Each structure stands twice: as C-alpha cells, then as structure tokens.
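Below you'll find the structure, written out as structure tokens, and then a few comments.
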Amino acid sequence: MALAVATEPLSTLSQTAQGPEWRIENSPLPYDDALTRMEARVAAIRAGKAPELIWLVEHPPLFTAGTSARAEDLLNPLGLPTFRTGRGGQWTWHGPGQRVGYVLLDLRARGLDVRCYVRALEAWLIAALDRLGVRAERREGRVGLWVPDRRTGREAKIAAIGVRVTRWVTWHGFALNVDPDLSFYRGIVPCGLKDYGVTSLAALGITASLAEVDSALIATFAEAFGRPSPCPG
C-alpha cells in the first residue's frame with residue numbers, strides 16, 4: 001500500500017529516532033478521514049517508511065461500533081453518524097470534550113504481545129489520570145478504566161479502550177472523557193454494559209483542558225512504553 005500524504009494541518013510535538021512521533025489535531029477530525037490516515041500510516045510503519053505515531057484528536061459527535069457491537073445497543077435518537085470499525089469492543093461515542101488517542105506502535109520492536117500492549121495502554125492512562133488527580137482502576141471483565149461516580153455512588157467508565165493490531169502494528173486506541181456532554185451516551189448502551197455509567201474529569205470536579213490532558217499523556221508515556229518489558233502491573 002502506498003503511503004498517503006496527510007494534507008490537514010497538524011501540530012507535531014516531537015519526533016526522535018527512538019520514540020514515536022506525536023501529533024495533535026487543531027480542529028475536529030472527520031472519523032472516516034481518521035480511519036483512512038491510520039490505515040496508511042500502519043502500512044508505512046510496517047514497511048519501515050514512517051515512525052510510530054501517537055495521534056491525539058477530537059471528533060464531531062458520532063458513534064462507533066467495535067467487532068463485538070450488537071445492533072440492539074444502538075438507540076441513537078439524535079441520528080448521529082455511525083461507523084463500523086475493525087477495533088475490538090462494542091459501541092462508544094466520540095465528540096467534543098473527549099480526547100481520542102490513536103496509538104500506532106510496532107509491537108515487534110517493543111517486545112510486547114497484544115495482551116501486554118493493552119496492559120501497557122491501561123497503565124499509561126492510569127498514570128496520566130493520576131497526574132490530574134484521579135485514581136482510575138482496571139476491572140476484571142470490564143474493558144476500560146473505572147472511577148467512583150460521586151453522582152450515583154457507583155463506578156463509571158472514564159476511559160474506553162478499543163484496539164486493532166495488523167501484523168504487529170497497533171491502531172485505534174483510547175477515548176478519555178475530559179469535559180464532554182455526557183447526555184450523548186444515552187444514544188447507546190456504552191460497551192454493552194447496562195448497569196454502569198460513564199463519567200468525565202469535569203463530572204468528577206476536575207477542571208482540565210485538553211491541552212493539560214495532553215501534557216499529562218506526554219509526561220507519562222515512557223512509564224508504560226519507554227522500554228521493552230514484561231506486562232505492566
């Protein structure tokens with residue numbers, strides 16, 4: 001596959017021979033554009049023609065379906081655009097106030113298998129949220145990261161994870177709720193879990209901009225991905 005050249009304005013934060021390139025989109029990115037550009041970049045990474053990439057974006061309001069998504073879990077009373085993807089997981093929402101991270105890494109070079117990669121991704125988000133004053137945790141049988149929701153007294157998801165791996169190169173990644181309109185989640189059964197809600201940094205009383213979240217992500221990436229290692233705890 002030929003490498004597609006991106007024409008949209010991007011802010012490149014850093015790029016080194018040893019580490020991934022970091023980019024942040026300056027405006028909401030259409031989802032089908034993100035898929036096309038990720039697929040091209042994955043092919044380029046596999047061919048040794050491009051470095052790994054951490055791509056931080058925001059999307060207009062939409063729903064995406066992973067490979068396990070069920071039709072009955074899509075309610076969509078507002079008629080938002082929907083997309084079927086090749087990532088793992090079920091239905092989730094993307095939109096303003098949510099930081100989506102597309103993580104394109106070469107697992108061969110990092111000495112990670114798929115299970116260890118997902119653990120490292122979780123560890124990265126846990127460390128970044130800790131910097132922002134939030135203690136997020138894994139839960140067995142529930143993908144994503146979870147926190148106590150002070151509105152309901154129950155646990156709620158603050159970050160969704162859905163990944164795809166093509167010939168040992170990862171794509172898709174995570175969606176972290178910063179300050180979105182959580183009412184959009186009424187249009188789906190998030191991740192197929194009817195008994196749990198979703199929350200955000202803002203709903204937890206944490207005032208943070210997307211830029212501050214990005215800074216926390218950049219500062220903690222190496223804690224999980226800085227060196228080949230066994231699965232993070």
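Chain lettering (A, B, ...) mirrors the order of the structure tokens, residue numbering begins at 1 for each chain separately, and ligand numbering begins at 1 in order of display.
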Which range 53-163 of chain A residues have any atom within 10 Å of an atom of range 16-39 of chain A, and for each, what is the nearest pair of atoms with distance in Å to one decimal, counting only C-alpha atoms, rows sorted by chain and number, as JSON lines?
```
{"residue": "A:Leu53", "atom": "CA", "partner": "A:Glu21", "partner_atom": "CA", "distance": 4.7}
{"residue": "A:Ile54", "atom": "CA", "partner": "A:Trp22", "partner_atom": "CA", "distance": 4.9}
{"residue": "A:Trp55", "atom": "CA", "partner": "A:Arg23", "partner_atom": "CA", "distance": 4.9}
{"residue": "A:Leu56", "atom": "CA", "partner": "A:Ile24", "partner_atom": "CA", "distance": 4.8}
{"residue": "A:Val57", "atom": "CA", "partner": "A:Glu25", "partner_atom": "CA", "distance": 5.2}
{"residue": "A:Glu58", "atom": "CA", "partner": "A:Pro28", "partner_atom": "CA", "distance": 5.0}
{"residue": "A:His59", "atom": "CA", "partner": "A:Pro28", "partner_atom": "CA", "distance": 4.7}
{"residue": "A:Pro60", "atom": "CA", "partner": "A:Pro28", "partner_atom": "CA", "distance": 5.8}
{"residue": "A:Pro61", "atom": "CA", "partner": "A:Pro28", "partner_atom": "CA", "distance": 9.5}
{"residue": "A:Leu62", "atom": "CA", "partner": "A:Tyr31", "partner_atom": "CA", "distance": 8.3}
{"residue": "A:Phe63", "atom": "CA", "partner": "A:Tyr31", "partner_atom": "CA", "distance": 9.7}
{"residue": "A:Thr64", "atom": "CA", "partner": "A:Tyr31", "partner_atom": "CA", "distance": 9.1}
{"residue": "A:Pro81", "atom": "CA", "partner": "A:Tyr31", "partner_atom": "CA", "distance": 9.5}
{"residue": "A:Thr82", "atom": "CA", "partner": "A:Tyr31", "partner_atom": "CA", "distance": 9.5}
{"residue": "A:Phe83", "atom": "CA", "partner": "A:Tyr31", "partner_atom": "CA", "distance": 8.1}
{"residue": "A:Thr85", "atom": "CA", "partner": "A:Leu35", "partner_atom": "CA", "distance": 8.4}
{"residue": "A:Gly86", "atom": "CA", "partner": "A:Leu35", "partner_atom": "CA", "distance": 9.7}
{"residue": "A:His94", "atom": "CA", "partner": "A:Tyr31", "partner_atom": "CA", "distance": 9.2}
{"residue": "A:Gly95", "atom": "CA", "partner": "A:Pro28", "partner_atom": "CA", "distance": 8.4}
{"residue": "A:Pro96", "atom": "CA", "partner": "A:Pro28", "partner_atom": "CA", "distance": 7.7}
{"residue": "A:Gly101", "atom": "CA", "partner": "A:Ile24", "partner_atom": "CA", "distance": 9.4}
{"residue": "A:Tyr102", "atom": "CA", "partner": "A:Met38", "partner_atom": "CA", "distance": 8.1}
{"residue": "A:Val103", "atom": "CA", "partner": "A:Met38", "partner_atom": "CA", "distance": 9.3}
{"residue": "A:Leu104", "atom": "CA", "partner": "A:Met38", "partner_atom": "CA", "distance": 7.9}
{"residue": "A:Leu105", "atom": "CA", "partner": "A:Pro20", "partner_atom": "CA", "distance": 7.7}
{"residue": "A:Asp106", "atom": "CA", "partner": "A:Pro20", "partner_atom": "CA", "distance": 9.7}
```
Atoms to include: C-alpha atoms. Write the selected residues as an mmCIF file, in the first residue's frame.
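This is the output file selection-v1.cif:
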```cif
data_model
loop_
_atom_site.group_PDB
_atom_site.id
_atom_site.type_symbol
_atom_site.label_atom_id
_atom_site.label_comp_id
_atom_site.auth_asym_id
_atom_site.auth_seq_id
_atom_site.Cartn_x
_atom_site.Cartn_y
_atom_site.Cartn_z
ATOM 1 C CA LEU A 53 2.751 7.688 15.897
ATOM 2 C CA ILE A 54 0.739 8.938 18.864
ATOM 3 C CA TRP A 55 -2.099 10.948 17.349
ATOM 4 C CA LEU A 56 -4.319 12.992 19.692
ATOM 5 C CA VAL A 57 -7.587 14.092 18.125
ATOM 6 C CA GLU A 58 -11.130 15.268 18.769
ATOM 7 C CA HIS A 59 -14.090 14.188 16.629
ATOM 8 C CA PRO A 60 -17.502 15.685 15.886
ATOM 9 C CA PRO A 61 -20.344 13.805 17.640
ATOM 10 C CA LEU A 62 -20.662 10.233 16.352
ATOM 11 C CA PHE A 63 -20.931 6.595 17.412
ATOM 12 C CA THR A 64 -18.510 3.811 16.539
ATOM 13 C CA PRO A 81 -23.406 9.311 12.241
ATOM 14 C CA THR A 82 -22.376 5.730 12.988
ATOM 15 C CA PHE A 83 -19.288 3.863 11.871
ATOM 16 C CA THR A 85 -14.668 -0.222 12.725
ATOM 17 C CA GLY A 86 -12.182 -3.040 12.931
ATOM 18 C CA HIS A 94 -16.820 10.290 20.269
ATOM 19 C CA GLY A 95 -17.263 14.036 20.276
ATOM 20 C CA PRO A 96 -16.219 17.450 21.587
ATOM 21 C CA GLY A 101 -5.707 8.863 21.284
ATOM 22 C CA TYR A 102 -4.741 6.826 18.240
ATOM 23 C CA VAL A 103 -1.720 4.752 19.184
ATOM 24 C CA LEU A 104 0.270 3.326 16.286
ATOM 25 C CA LEU A 105 3.159 1.284 17.685
ATOM 26 C CA ASP A 106 5.308 -1.562 16.391
#
```
All residues 12 Å or closer to Asp130 in chain A, only C-alpha atoms, same chain fewer than 3 positions away omitted, as a ChimeraX atom specification
/A:123-127,133-137,147,201,206,213,216-217,219-220
Got time to write the residues from that selection, C-alpha atoms, as an mmCIF file, in the first residue's frame?
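And here's selection.cif as it stands now:
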```
data_model
loop_
_atom_site.group_PDB
_atom_site.id
_atom_site.type_symbol
_atom_site.label_atom_id
_atom_site.label_comp_id
_atom_site.auth_asym_id
_atom_site.auth_seq_id
_atom_site.Cartn_x
_atom_site.Cartn_y
_atom_site.Cartn_z
ATOM 1 C CA ALA A 123 -1.085 1.666 32.756
ATOM 2 C CA TRP A 124 -0.338 4.761 30.682
ATOM 3 C CA LEU A 125 -3.837 6.162 31.130
ATOM 4 C CA ILE A 126 -3.839 5.356 34.851
ATOM 5 C CA ALA A 127 -0.572 7.274 35.281
ATOM 6 C CA GLY A 133 -5.819 13.998 40.462
ATOM 7 C CA VAL A 134 -7.960 10.996 39.503
ATOM 8 C CA ARG A 135 -7.386 7.427 40.638
ATOM 9 C CA ALA A 136 -8.619 5.170 37.855
ATOM 10 C CA GLU A 137 -8.575 1.384 38.033
ATOM 11 C CA VAL A 147 -13.645 5.537 38.835
ATOM 12 C CA LEU A 201 -12.967 14.665 34.517
ATOM 13 C CA ILE A 206 -11.545 18.160 37.843
ATOM 14 C CA VAL A 213 -4.624 16.289 29.473
ATOM 15 C CA ALA A 216 -0.154 14.517 31.265
ATOM 16 C CA LEU A 217 -0.239 11.906 28.497
ATOM 17 C CA ALA A 219 4.725 13.133 30.504
ATOM 18 C CA THR A 220 3.676 9.576 31.410
#
```
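Residue nearest Thr67 in chain A within the list A:Cys116, A:Leu121, A:Ala40, A:Val163: A:Val163 [criterion: smallest interatomic distance, only C-alpha atoms].
Residues within 12 Å of Gly205 in chain A, counting only C-alpha atoms and excluding same-chain residues fewer than 2 positions away, are Leu132, Gly133, Val134, Asp149, Arg150, Arg151, Val178, Asp179, Thr199, Ser200, Leu201, Ala202, Ala203, Thr207 and Ala208 of chain A.
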Run DSSP on the backbone and tell me which residues of range 50-116 of chain A come out as helix (DSSP H, G or I); list them as a PyMOL selection string.
chain A and resi 71-73+107-110+114-116
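Excluding Ser68 in chain A itself and any same-chain residue fewer than 6 positions from it, the protein and nucleic acid residues within 8 Å of it, counting only C-alpha atoms, are A:Gly88, A:Gly89, A:Gln90.
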Just to be explicit: take each residue in the selection above, keep N, CA and C atoms, and write the result as a compact mmCIF listing (two decimals), in the first residue's frame.
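Writing done, so here's selection.txt:
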```txt
# COMPACT_ATOMS: atom_id res chain seq x y z
N GLY A 88 -11.45 -3.73 18.48
CA GLY A 88 -12.18 -4.55 19.43
C GLY A 88 -13.18 -3.72 20.21
N GLY A 89 -14.11 -4.40 20.89
CA GLY A 89 -15.06 -3.71 21.74
C GLY A 89 -16.43 -3.57 21.11
N GLN A 90 -17.25 -2.74 21.76
CA GLN A 90 -18.64 -2.59 21.35
C GLN A 90 -18.91 -1.14 20.95
```
Can you pull out every residue from range 29-145 of chain A that DSSP, working from the backbone, puts in strand (DSSP E), and format the result as a ChimeraX atom specification?
/A:53-57,62-65,82-84,91-94,98-104,137-139,142-145
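Distance-wise, CA of Ala71 in chain A and CA of Arg154 in chain A end up 26.5 Å apart.
Using only C-alpha atoms, the shortest contact distance between Arg99 in chain A and any of A:Ser183, A:Ser215, A:Thr166, A:Thr152 is found at A:Ser215.
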Tell me which of A:Val198, A:Gln98, A:Ala43, A:Arg110 sits closest to Arg186 in chain A, counting only C-alpha atoms.
A:Val198
